[in-house]
$ cat data-v7.cif   # mmCIF, C-alpha atoms (C1' of nucleotides)
data_structure
loop_
_atom_site.label_atom_id
_atom_site.label_comp_id
_atom_site.auth_asym_id
_atom_site.auth_seq_id
_atom_site.Cartn_x
_atom_site.Cartn_y
_atom_site.Cartn_z
CA MET A 1 123.94 -40.95 96.21
CA SER A 2 125.39 -38.33 93.96
CA THR A 3 129.07 -37.68 93.50
CA LEU A 4 128.53 -34.20 92.14
CA GLY A 5 131.43 -32.79 90.17
CA PHE A 6 133.76 -35.46 91.47
CA ALA A 7 132.35 -38.15 89.21
CA SER A 8 134.10 -38.76 85.94
CA HIS A 9 132.37 -37.01 83.09
CA ASN A 10 132.98 -35.39 79.75
CA HIS A 11 134.26 -32.09 80.98
CA LYS A 12 133.91 -30.27 77.69
CA ASP A 13 130.18 -30.42 78.25
CA CYS A 14 130.60 -28.55 81.51
CA ILE A 15 132.42 -25.74 79.78
CA ARG A 16 130.03 -25.57 76.87
CA ASP A 17 126.97 -25.63 79.09
CA ALA A 18 128.35 -22.99 81.45
CA VAL A 19 129.20 -20.62 78.64
CA ARG A 20 125.87 -21.11 76.97
CA ALA A 21 124.00 -20.56 80.21
CA ALA A 22 125.91 -17.34 80.81
CA GLU A 23 125.26 -16.25 77.25
CA GLU A 24 121.54 -16.77 77.61
CA LEU A 25 121.28 -15.19 81.02
CA CYS A 26 123.19 -12.13 79.87
CA ALA A 27 120.93 -11.79 76.87
CA ALA A 28 117.87 -12.13 79.09
CA ARG A 29 119.18 -9.57 81.56
CA GLY A 30 120.57 -7.09 79.07
CA LEU A 31 124.17 -7.62 80.16
CA ARG A 32 127.20 -7.56 77.92
CA PHE A 33 128.91 -10.91 77.68
CA THR A 34 132.07 -9.53 76.10
CA PRO A 35 134.83 -11.70 74.61
CA LEU A 36 137.03 -11.07 77.63
CA ARG A 37 134.33 -12.08 80.08
CA ARG A 38 133.51 -15.13 78.04
CA ARG A 39 137.14 -16.15 77.85
CA VAL A 40 137.71 -15.73 81.58
CA LEU A 41 134.63 -17.84 82.25
CA GLU A 42 135.95 -20.55 79.94
CA LEU A 43 139.31 -20.45 81.68
CA VAL A 44 137.73 -20.73 85.12
CA TRP A 45 135.88 -23.77 83.81
CA GLN A 46 138.95 -25.52 82.41
CA SER A 47 138.65 -27.91 85.34
CA HIS A 48 136.78 -28.37 88.57
CA LYS A 49 139.80 -27.08 90.42
CA PRO A 50 139.67 -23.56 91.75
CA VAL A 51 141.77 -21.06 89.81
CA GLY A 52 143.62 -18.09 91.21
CA ALA A 53 143.22 -14.63 89.71
CA TYR A 54 146.90 -14.43 88.84
CA GLU A 55 146.79 -17.84 87.24
CA LEU A 56 144.00 -16.52 85.02
CA LEU A 57 146.06 -13.43 84.38
CA ASP A 58 148.98 -15.54 83.17
CA LEU A 59 146.68 -17.45 80.84
CA ILE A 60 145.23 -14.24 79.46
CA LYS A 61 148.70 -12.81 78.98
CA ALA A 62 149.77 -15.92 77.10
CA GLU A 63 146.88 -15.41 74.71
CA ARG A 64 146.71 -11.66 74.32
CA GLY A 65 150.10 -10.35 75.35
CA ALA A 66 150.29 -7.67 78.00
CA ALA A 67 147.56 -7.63 80.59
CA ALA A 68 147.35 -6.32 84.13
CA PRO A 69 145.49 -7.53 87.23
CA PRO A 70 142.45 -5.27 86.76
CA THR A 71 141.73 -6.94 83.46
CA VAL A 72 141.10 -10.22 85.21
CA TYR A 73 139.58 -8.83 88.39
CA ARG A 74 137.01 -6.83 86.48
CA ALA A 75 135.95 -9.84 84.50
CA LEU A 76 135.78 -11.88 87.70
CA ASP A 77 133.72 -9.17 89.40
CA PHE A 78 131.24 -9.30 86.58
CA LEU A 79 131.04 -13.08 86.69
CA LEU A 80 130.69 -13.08 90.47
CA GLU A 81 128.02 -10.38 90.55
CA ASN A 82 125.95 -12.28 88.07
CA GLY A 83 126.42 -15.65 89.70
CA PHE A 84 128.47 -17.31 86.95
CA VAL A 85 131.40 -18.07 89.23
CA HIS A 86 131.94 -18.41 92.95
CA ARG A 87 134.85 -17.27 95.03
CA LEU A 88 136.34 -19.72 97.52
CA GLU A 89 137.31 -17.57 100.46
CA SER A 90 139.56 -20.14 102.06
CA LEU A 91 141.64 -20.50 98.89
CA ASN A 92 141.45 -17.03 97.38
CA ALA A 93 140.38 -18.73 94.20
CA TYR A 94 137.47 -19.06 91.83
CA VAL A 95 135.30 -21.86 90.46
CA GLY A 96 132.49 -21.98 87.95
CA CYS A 97 128.97 -22.01 89.30
CA ASP A 98 126.85 -25.08 88.62
CA HIS A 99 123.48 -23.34 88.82
CA PRO A 100 123.86 -19.81 87.56
CA ASP A 101 120.17 -19.44 86.81
CA ALA A 102 119.17 -18.56 90.37
CA PRO A 103 120.97 -16.97 93.31
CA HIS A 104 121.66 -19.53 96.00
CA ALA A 105 123.80 -20.21 99.03
CA ALA A 106 126.24 -22.86 97.94
CA GLN A 107 128.28 -25.25 99.99
CA PHE A 108 131.65 -26.28 98.63
CA LEU A 109 133.41 -29.59 99.06
CA ILE A 110 137.12 -29.09 98.52
CA CYS A 111 139.30 -32.18 98.18
CA ASN A 112 142.63 -31.69 99.95
CA SER A 113 144.18 -34.35 97.80
CA CYS A 114 143.16 -33.64 94.19
CA ARG A 115 142.08 -30.04 94.85
CA ARG A 116 138.86 -30.51 92.93
CA VAL A 117 135.78 -28.75 94.19
CA ALA A 118 132.14 -29.73 94.06
CA GLU A 119 129.21 -27.49 94.77
CA MET A 120 126.28 -28.57 96.89
CA SER A 121 123.18 -26.50 97.23
CA ASP A 122 121.30 -27.82 100.20
CA GLY A 123 118.46 -25.51 101.09
CA ALA A 124 117.93 -27.25 104.41
CA ILE A 125 121.45 -26.40 105.55
CA GLU A 126 121.00 -22.83 104.47
CA ARG A 127 117.70 -22.55 106.31
CA ARG A 128 119.02 -24.14 109.47
CA VAL A 129 121.94 -21.72 109.50
CA SER A 130 119.63 -18.76 108.97
CA ASN A 131 117.36 -19.98 111.73
CA ARG A 132 120.11 -20.51 114.25
CA ALA A 133 121.47 -17.07 113.42
CA ALA A 134 117.98 -15.64 113.89
CA ASP A 135 117.87 -17.27 117.31
CA ALA A 136 120.80 -15.05 118.20
CA GLY A 137 119.03 -11.99 116.81
CA PHE A 138 121.14 -12.04 113.68
CA ARG A 139 119.74 -11.53 110.20
CA SER A 140 121.64 -13.69 107.71
CA GLU A 141 122.30 -12.10 104.34
CA ARG A 142 125.03 -14.24 102.83
CA GLN A 143 126.50 -17.58 103.78
CA THR A 144 129.90 -18.98 102.97
CA LEU A 145 130.35 -22.67 103.67
CA GLU A 146 133.51 -24.47 102.63
CA VAL A 147 134.25 -28.03 103.61
CA MET A 148 137.78 -29.38 103.37
CA GLY A 149 138.19 -33.11 103.16
CA THR A 150 138.75 -36.03 100.84
CA CYS A 151 136.68 -36.95 97.83
CA GLU A 152 135.65 -40.51 97.13
CA ALA A 153 138.13 -41.14 94.33
CA CYS A 154 141.04 -39.91 96.43
CA ALA A 155 139.90 -41.90 99.47
CA GLU A 156 139.86 -45.08 97.36
CA ARG A 157 143.25 -44.33 95.92
CA GLN A 158 144.88 -44.49 99.37
CA MET B 1 117.36 -16.82 122.71
CA SER B 2 121.00 -15.98 123.12
CA THR B 3 122.70 -13.00 121.61
CA LEU B 4 126.17 -14.52 121.90
CA GLY B 5 129.02 -12.07 121.78
CA PHE B 6 126.76 -9.33 120.50
CA ALA B 7 125.16 -8.73 123.91
CA SER B 8 126.67 -6.01 126.05
CA HIS B 9 129.03 -7.39 128.64
CA ASN B 10 132.13 -6.56 130.61
CA HIS B 11 134.67 -7.25 127.96
CA LYS B 12 137.66 -7.33 130.27
CA ASP B 13 136.34 -10.61 131.53
CA CYS B 14 136.48 -12.03 128.00
CA ILE B 15 140.14 -11.14 127.70
CA ARG B 16 141.05 -12.38 131.15
CA ASP B 17 139.18 -15.65 130.71
CA ALA B 18 140.65 -16.27 127.29
CA VAL B 19 144.21 -15.70 128.44
CA ARG B 20 143.74 -17.85 131.50
CA ALA B 21 142.21 -20.66 129.48
CA ALA B 22 145.14 -20.56 127.06
CA GLU B 23 147.57 -20.52 129.95
CA GLU B 24 146.04 -23.59 131.51
CA LEU B 25 145.70 -25.50 128.27
CA CYS B 26 149.31 -24.81 127.35
CA ALA B 27 150.46 -25.98 130.73
CA ALA B 28 148.37 -29.11 130.39
CA ARG B 29 149.70 -29.80 126.90
CA GLY B 30 153.31 -28.92 127.54
CA LEU B 31 153.25 -25.94 125.18
CA ARG B 32 155.14 -22.71 125.69
CA PHE B 33 152.82 -19.77 126.21
CA THR B 34 155.52 -17.16 125.63
CA PRO B 35 155.08 -13.44 126.34
CA LEU B 36 154.73 -12.73 122.65
CA ARG B 37 152.06 -15.36 122.15
CA ARG B 38 150.22 -14.16 125.22
CA ARG B 39 150.36 -10.58 124.07
CA VAL B 40 149.10 -11.37 120.59
CA LEU B 41 146.23 -13.32 122.10
CA GLU B 42 145.35 -10.35 124.32
CA LEU B 43 145.46 -8.04 121.33
CA VAL B 44 143.21 -10.30 119.27
CA TRP B 45 140.77 -10.21 122.16
CA GLN B 46 140.74 -6.42 122.50
CA SER B 47 137.28 -6.54 120.99
CA HIS B 48 134.88 -8.90 119.29
CA LYS B 49 135.88 -7.41 115.98
CA PRO B 50 138.19 -9.42 113.79
CA VAL B 51 141.74 -8.09 113.65
CA GLY B 52 144.07 -8.18 110.67
CA ALA B 53 147.60 -9.53 111.01
CA TYR B 54 149.12 -6.21 110.00
CA GLU B 55 146.95 -4.40 112.49
CA LEU B 56 148.40 -6.67 115.17
CA LEU B 57 151.85 -6.02 113.76
CA ASP B 58 151.37 -2.27 114.15
CA LEU B 59 150.27 -2.73 117.75
CA ILE B 60 153.27 -4.92 118.50
CA LYS B 61 155.56 -2.39 116.84
CA ALA B 62 154.08 0.39 118.96
CA GLU B 63 154.92 -1.60 122.08
CA ARG B 64 158.23 -3.17 121.22
CA GLY B 65 159.70 -1.14 118.41
CA ALA B 66 160.77 -2.92 115.26
CA ALA B 67 158.89 -6.05 114.31
CA ALA B 68 158.28 -7.83 111.05
CA PRO B 69 155.35 -9.86 109.70
CA PRO B 70 156.71 -13.28 110.72
CA THR B 71 156.67 -12.21 114.33
CA VAL B 72 152.93 -11.88 114.24
CA TYR B 73 152.22 -14.71 111.82
CA ARG B 74 154.16 -17.18 113.90
CA ALA B 75 152.28 -16.24 117.02
CA LEU B 76 149.00 -16.47 115.10
CA ASP B 77 149.97 -19.88 113.72
CA PHE B 78 150.56 -21.11 117.23
CA LEU B 79 147.27 -19.72 118.48
CA LEU B 80 145.39 -21.14 115.49
CA GLU B 81 146.94 -24.60 115.76
CA ASN B 82 145.99 -24.81 119.37
CA GLY B 83 142.50 -23.49 118.92
CA PHE B 84 142.91 -20.20 120.80
CA VAL B 85 141.93 -18.07 117.85
CA HIS B 86 140.03 -18.57 114.62
CA ARG B 87 140.76 -17.20 111.20
CA LEU B 88 137.90 -15.64 109.26
CA GLU B 89 138.60 -16.61 105.68
CA SER B 90 136.26 -14.10 104.16
CA LEU B 91 137.96 -11.20 105.96
CA ASN B 92 141.57 -12.38 106.19
CA ALA B 93 141.32 -11.61 109.87
CA TYR B 94 141.40 -13.25 113.25
CA VAL B 95 139.14 -13.49 116.29
CA GLY B 96 139.48 -15.09 119.67
CA CYS B 97 137.95 -18.50 120.17
CA ASP B 98 135.12 -18.79 122.68
CA HIS B 99 135.64 -22.47 123.47
CA PRO B 100 139.33 -23.27 123.20
CA ASP B 101 139.05 -26.35 125.39
CA ALA B 102 137.86 -28.65 122.61
CA PRO B 103 138.26 -28.65 118.85
CA HIS B 104 135.02 -27.80 117.15
CA ALA B 105 133.57 -26.59 113.89
CA ALA B 106 132.47 -23.04 114.53
CA GLN B 107 129.99 -20.91 112.66
CA PHE B 108 130.62 -17.19 112.58
CA LEU B 109 128.08 -14.42 112.45
CA ILE B 110 129.70 -11.31 111.05
CA CYS B 111 127.81 -8.04 111.32
CA ASN B 112 128.25 -5.94 108.19
CA SER B 113 127.40 -2.84 110.13
CA CYS B 114 129.42 -2.89 113.36
CA ARG B 115 131.88 -5.56 112.15
CA ARG B 116 131.56 -7.52 115.36
CA VAL B 117 131.65 -11.28 115.16
CA ALA B 118 129.96 -13.92 117.23
CA GLU B 119 130.79 -17.58 117.27
CA MET B 120 128.11 -20.27 117.19
CA SER B 121 128.92 -23.89 117.66
CA ASP B 122 125.90 -25.80 116.48
CA GLY B 123 126.68 -29.47 116.33
CA ALA B 124 123.54 -30.18 114.35
CA ILE B 125 124.66 -27.93 111.52
CA GLU B 126 128.07 -29.50 111.53
CA ARG B 127 126.60 -33.00 111.43
CA ARG B 128 124.16 -32.17 108.69
CA VAL B 129 126.96 -30.75 106.57
CA SER B 130 129.12 -33.81 107.18
CA ASN B 131 126.24 -36.08 106.30
CA ARG B 132 125.36 -34.30 103.10
CA ALA B 133 129.00 -34.37 102.11
CA ALA B 134 129.11 -38.08 102.89
CA ASP B 135 126.13 -38.55 100.58
CA ALA B 136 128.40 -37.30 97.83
CA GLY B 137 131.16 -39.68 98.89
CA PHE B 138 133.10 -36.89 100.53
CA ARG B 139 134.75 -37.18 103.92
CA SER B 140 134.55 -33.87 105.76
CA GLU B 141 137.61 -32.92 107.77
CA ARG B 142 137.18 -29.23 108.41
CA GLN B 143 134.27 -26.85 107.95
CA THR B 144 134.34 -23.12 107.49
CA LEU B 145 131.01 -21.38 107.83
CA GLU B 146 130.79 -17.60 107.82
CA VAL B 147 127.51 -15.74 107.80
CA MET B 148 127.39 -12.10 106.81
CA GLY B 149 124.42 -10.11 107.97
CA THR B 150 123.17 -7.69 110.58
CA CYS B 151 123.25 -8.14 114.33
CA GLU B 152 120.29 -7.28 116.50
CA ALA B 153 121.70 -4.05 117.91
CA CYS B 154 122.51 -2.73 114.44
CA ALA B 155 119.13 -3.79 113.07
CA GLU B 156 117.38 -1.82 115.84
CA ARG B 157 119.56 1.20 115.26
CA GLN B 158 118.24 1.58 111.69
"C1'" DA C 1 178.13 -28.12 135.45
"C1'" DT C 2 178.34 -28.37 130.76
"C1'" DC C 3 176.92 -29.69 126.41
"C1'" DT C 4 173.75 -30.01 122.88
"C1'" DC C 5 169.75 -29.65 120.40
"C1'" DC C 6 165.43 -27.77 119.66
"C1'" DC C 7 162.46 -24.15 119.65
"C1'" DG C 8 161.25 -19.40 119.43
"C1'" DT C 9 162.41 -15.05 117.64
"C1'" DG C 10 164.72 -11.36 114.68
"C1'" DT C 11 165.66 -9.90 110.05
"C1'" DT C 12 165.69 -9.45 105.12
"C1'" DA C 13 163.62 -10.24 101.03
"C1'" DT C 14 159.96 -11.55 98.16
"C1'" DA C 15 155.65 -13.88 96.73
"C1'" DA C 16 150.66 -13.68 96.17
"C1'" DG C 17 146.35 -11.35 96.09
"C1'" DG C 18 143.83 -7.09 95.25
"C1'" DT C 19 142.48 -2.06 94.24
"C1'" DA C 20 142.59 3.10 93.00
"C1'" DA C 21 142.72 6.31 89.50
"C1'" DC C 22 142.96 8.01 84.93
"C1'" DG C 23 142.37 7.98 80.06
"C1'" DA C 24 141.25 5.85 75.62
"C1'" DA C 25 138.11 3.12 73.06
"C1'" DT C 26 133.88 1.05 72.26
"C1'" DT C 27 128.92 0.48 72.59
"C1'" DG C 28 124.05 1.60 72.88
"C1'" DC C 29 120.87 4.86 72.07
"C1'" DA C 30 118.63 9.42 71.16
"C1'" DT D 1 125.78 11.76 63.90
"C1'" DG D 2 126.68 12.74 68.46
"C1'" DC D 3 126.28 11.95 73.39
"C1'" DA D 4 126.53 9.25 77.64
"C1'" DA D 5 127.71 5.19 79.78
"C1'" DT D 6 130.26 1.17 79.97
"C1'" DT D 7 134.36 -1.46 79.12
"C1'" DC D 8 139.11 -1.98 78.87
"C1'" DG D 9 144.31 -0.75 79.08
"C1'" DT D 10 147.83 1.03 81.96
"C1'" DT D 11 150.40 2.64 85.87
"C1'" DA D 12 151.04 2.64 90.44
"C1'" DC D 13 150.33 1.02 94.79
"C1'" DC D 14 148.38 -1.47 98.87
"C1'" DT D 15 147.44 -5.62 101.78
"C1'" DT D 16 148.31 -10.23 103.14
"C1'" DA D 17 151.52 -13.94 103.65
"C1'" DT D 18 155.76 -16.82 103.39
"C1'" DA D 19 160.70 -18.38 102.50
"C1'" DA D 20 165.20 -18.52 104.17
"C1'" DC D 21 168.78 -17.79 107.26
"C1'" DA D 22 170.86 -16.29 111.66
"C1'" DC D 23 170.86 -15.82 116.64
"C1'" DG D 24 170.03 -17.01 121.39
"C1'" DG D 25 168.10 -19.09 125.37
"C1'" DG D 26 166.12 -22.97 127.88
"C1'" DA D 27 165.37 -28.05 128.90
"C1'" DG D 28 167.06 -32.36 129.19
"C1'" DA D 29 171.06 -35.67 128.86
"C1'" DT D 30 175.57 -36.86 130.32
#

$ encode --input "data-v7.cif" --output "structure tokens"
Amino acid sequence: MSTLGFASHNHKDCIRDAVRAAEELCAARGLRFTPLRRRVLELVWQSHKPVGAYELLDLIKAERGAAAPPTVYRALDFLLENGFVHRLESLNAYVGCDHPDAPHAAQFLICNSCRRVAEMSDGAIERRVSNRAADAGFRSERQTLEVMGTCEACAERQ
Amino acid sequence: MSTLGFASHNHKDCIRDAVRAAEELCAARGLRFTPLRRRVLELVWQSHKPVGAYELLDLIKAERGAAAPPTVYRALDFLLENGFVHRLESLNAYVGCDHPDAPHAAQFLICNSCRRVAEMSDGAIERRVSNRAADAGFRSERQTLEVMGTCEACAERQ
DNA sequence: ATCTCCCGTGTTATAAGGTAACGAATTGCA
DNA sequence: TGCAATTCGTTACCTTATAACACGGGAGAT
């Protein structure tokens, strides 16, 4: 059994690894990993809790003075397009991606109690969904799967 | 193979059936199916395309004159709580529920081309997701699964 | 029959999330 | 060096959603 991002861990490693991965992938793909984009990625990774765009904006403002929504949204668009962060549709919020190296359909476990989010990437679920959709004549192009519930630590704490 | 809501059909039956089902369930549960709630449900069911709250608000305004967002949101909250409509998180929009009689985790197929939405209710997918979450120590309480893609009719039209 | 309380609705105001459009600055490259 | 494309700042605005308070009508209790 794995506890994914819910397990206790040295979180600084998560941030460092995520930024380095993005750095390398951008270099490999000829993309510009600008200071702003890097900083927004770091901020998204400050925890395993999803972060709202305006929360990021406030953080950026605190650091750089004036800033407007497009500043953050453009950085987020870049990070989303390149698979460095995910958007949680049910929360209108963003989390870092655990496996930015390859595109994948992720499944998110969102703890209602501590708000932390873990990412699963179960190919079998993805395939089953695609197959069932195909049974209805539907070609699946993108899947969003978000599971609300209670993580182990929070369940024990009750 | 089933084509779910994508198949051509006499849509008036969908509306009539949905309203009648809601009527009966409310009666059975001692809930008040007020004219406003009934009307909003009918409007959500005008098509198999998801409808935005402000779109509904405009329709209500056209019928009744002045109306404000809470009018629609409160009706939607009621319909959501009681399983008569679903909310599509990725679109911030609402669709009628095909099986309001029992709570269920639904999977939505959203056509990028015609915008129509069909609801699947595959228990095996739901169980697999719950089980994989459980493997990570996570207790699943609610699942949101939205699949973007192309429906059969739109695929043929290309 | 009346009272009372709860629920549903109206209304105003505002919060939260997101985008369009334009121009200035920076970067990569010929 | 100079050009084109990309990135970023800035202003304005749009969409989605909720908080808070007031009003009224209906159902059950007395």

$ interface_residues --input "data-v7.cif" --of "chain D" --to "chain B" --cutoff "9 Å" --atoms "only C-alpha atoms (C1' of nucleotides)" --output "list in words"
DT15, DT16, DA17 and DT18 of chain D

$ write_last_selection --input "data-v7.cif" --atoms "C-alpha atoms (C1' of nucleotides)" --output "compact mmCIF listing (two decimals), in the frame of the given file"
# COMPACT_ATOMS: atom_id res chain seq x y z
C1' DT D 15 147.44 -5.62 101.78
C1' DT D 16 148.31 -10.23 103.14
C1' DA D 17 151.52 -13.94 103.65
C1' DT D 18 155.76 -16.82 103.39

$ resolve_selection --input "data-v7.cif" --expression "the PyMOL selection byres ((chain A and resi 40) around 8)" --output "PyMOL selection string"
chain A and resi 36-39+41-44+56+60+72+75-76

$ residues_around --input "data-v7.cif" --residues "Gly149 of chain A" --least-positions-apart "3" --cutoff "9 Å" --atoms "all atoms listed in the file" --output "number ranges by chain"
A: 109-113; B: 138-143

$ closest_atom_pairs --input "data-v7.cif" --of "chain C" --to "chain A" --cutoff "10 Å" --atoms "all atoms listed in the file" --output "CSV"
residue,atom,partner,partner_atom,distance
C:DA16,C1',A:Tyr54,CA,8.3
C:DG17,C1',A:Asn92,CA,7.6
C:DG18,C1',A:Pro69,CA,8.2
C:DT19,C1',A:Pro70,CA,8.1
C:DT27,C1',A:Arg32,CA,9.8

$ interface_residues --input "data-v7.cif" --of "chain B" --to "chain A" --cutoff "10 Å" --atoms "all atoms listed in the file" --output "MDAnalysis selection string"
chainID B and resid 1:7 87:92 107:112 118 120 122 124:126 128:130 132:155

$ closest_residue --input "data-v7.cif" --among "D:DA12, D:DA19, D:DC3, D:DA27" --to "DC5 of chain C" --atoms "all atoms listed in the file"
D:DA27

$ atom_distance --input "data-v7.cif" --atom1 "atom CA of Pro50 of chain A" --atom2 "atom CA of His104 of chain B"
26.2 Å

$ resolve_selection --input "data-v7.cif" --expression "the PyMOL selection byres ((chain B and resi 12) around 12)" --output "list in words"
Ser8, His9, Asn10, His11, Asp13, Cys14, Ile15, Arg16, Asp17, Ala18, Val19, Glu42, Leu43, Trp45, Gln46, Ser47 and His48 of chain B

$ atom_distance --input "data-v7.cif" --atom1 "atom C1' of DA1 of chain C" --atom2 "atom C1' of DG28 of chain D"
13.4 Å

$ atom_distance --input "data-v7.cif" --atom1 "atom CA of Pro100 of chain B" --atom2 "atom CA of Ala21 of chain B"
7.4 Å

$ residues_near_point --input "data-v7.cif" --point "(138.1, -3.1, 80.0)" --cutoff "8 Å" --atoms "all atoms listed in the file" --output "ChimeraX atom specification"
/A:71,74 /D:7-9

$ resolve_selection --input "data-v7.cif" --expression "the PyMOL selection byres ((chain A and resi 102) around 12)" --output "list in words"
Ala21, Ala22, Leu25, Asn82, Gly83, Phe84, Cys97, Asp98, His99, Pro100, Asp101, Pro103, His104, Ala105, Ala106 and Ser121 of chain A
